[in-house]
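A short worksheet on the structure shown next.
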Amino acid sequence: MEAALASALFLGVIPIFGKQAITAGFSPLAVVAFRTILAAGLLLLIVAIFRRPFLFYLPGWSVRLRIGRNVNGLGSLLYYFALERLSVSVGQLLYSLYPLFLVIWLVIDRQPPSSLTYWRIGFALLG
């Protein structure tokens, strides 16, 4: 329950701070770099404290770094470059509609969405 509340809090607050930093003169690239370094450092600290053996599994780190760089890195860059031009409310609205766009692509690809997917979209549109 605490993780869900923290996730909702950070998803709501982080774009506001990012937009303020961009408005103050930082480039979106600098905002993404600072955010990524802060998140990676915090994750490393938590893993080092609570799950120390996970630090020594090198094949897993290789995969995580590649996926993080390619998928999450590109998404963060595009999101913060969009925040440079959009208001935070419009950017967050588009970001929260991601599950709806995903279902549209599933239907186009002739893959039927599950009932769980419809529940997630309903909660995303209500929240």
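Chain identifiers are assigned as A, B, and so on, following the order in which chains appear in the structure tokens; residues are numbered from 1 within each chain, and ligands are numbered from 1 in order of appearance.
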
Close residues, range 29-38 of chain A itself excluded, 7 Å, only C-alpha atoms, min 4 positions apart in chain, as an mmCIF file with all heavy atoms, in the first residue's frame:
```cif
data_model
loop_
_atom_site.group_PDB
_atom_site.id
_atom_site.type_symbol
_atom_site.label_atom_id
_atom_site.label_comp_id
_atom_site.auth_asym_id
_atom_site.auth_seq_id
_atom_site.Cartn_x
_atom_site.Cartn_y
_atom_site.Cartn_z
ATOM 1 N N GLY A 18 10.142 19.031 -12.648
ATOM 2 C CA GLY A 18 10.836 19.048 -13.929
ATOM 3 C C GLY A 18 10.486 20.278 -14.748
ATOM 4 O O GLY A 18 11.369 20.916 -15.329
ATOM 5 N N LEU A 42 19.448 6.197 -5.602
ATOM 6 C CA LEU A 42 18.515 5.768 -4.559
ATOM 7 C C LEU A 42 18.243 4.263 -4.658
ATOM 8 O O LEU A 42 18.229 3.556 -3.643
ATOM 9 C CB LEU A 42 17.210 6.554 -4.672
ATOM 10 C CG LEU A 42 16.151 6.288 -3.620
ATOM 11 C CD1 LEU A 42 16.667 6.662 -2.236
ATOM 12 C CD2 LEU A 42 14.887 7.071 -3.941
ATOM 13 N N SER A 76 11.900 9.005 -21.211
ATOM 14 C CA SER A 76 12.113 10.169 -20.347
ATOM 15 C C SER A 76 12.533 11.380 -21.159
ATOM 16 O O SER A 76 12.068 12.494 -20.913
ATOM 17 C CB SER A 76 13.173 9.858 -19.289
ATOM 18 O OG SER A 76 12.703 8.916 -18.380
ATOM 19 N N LEU A 77 13.430 11.165 -22.109
ATOM 20 C CA LEU A 77 13.857 12.290 -22.946
ATOM 21 C C LEU A 77 12.680 12.896 -23.704
ATOM 22 O O LEU A 77 12.500 14.119 -23.727
ATOM 23 C CB LEU A 77 14.932 11.835 -23.930
ATOM 24 C CG LEU A 77 16.331 11.674 -23.371
ATOM 25 C CD1 LEU A 77 17.247 11.055 -24.416
ATOM 26 C CD2 LEU A 77 16.881 13.013 -22.921
#
```

Applying 12 Å and only C-alpha atoms, which residues near Pro113 in chain A remain after dropping the ones on its own chain fewer than 3 positions away? List them as number ranges by chain. A: 99-110, 116-121

So that I can check the surroundings of Phe17 in chain A, please list as a PyMOL selection string every protein, DNA and RNA residue that reaches within 12 Å of it, counting only C-alpha atoms and ignoring chain neighbours fewer than 2 positions away. chain A and resi 10-15+19-24+26+28+31-32+34-35+80+83+88
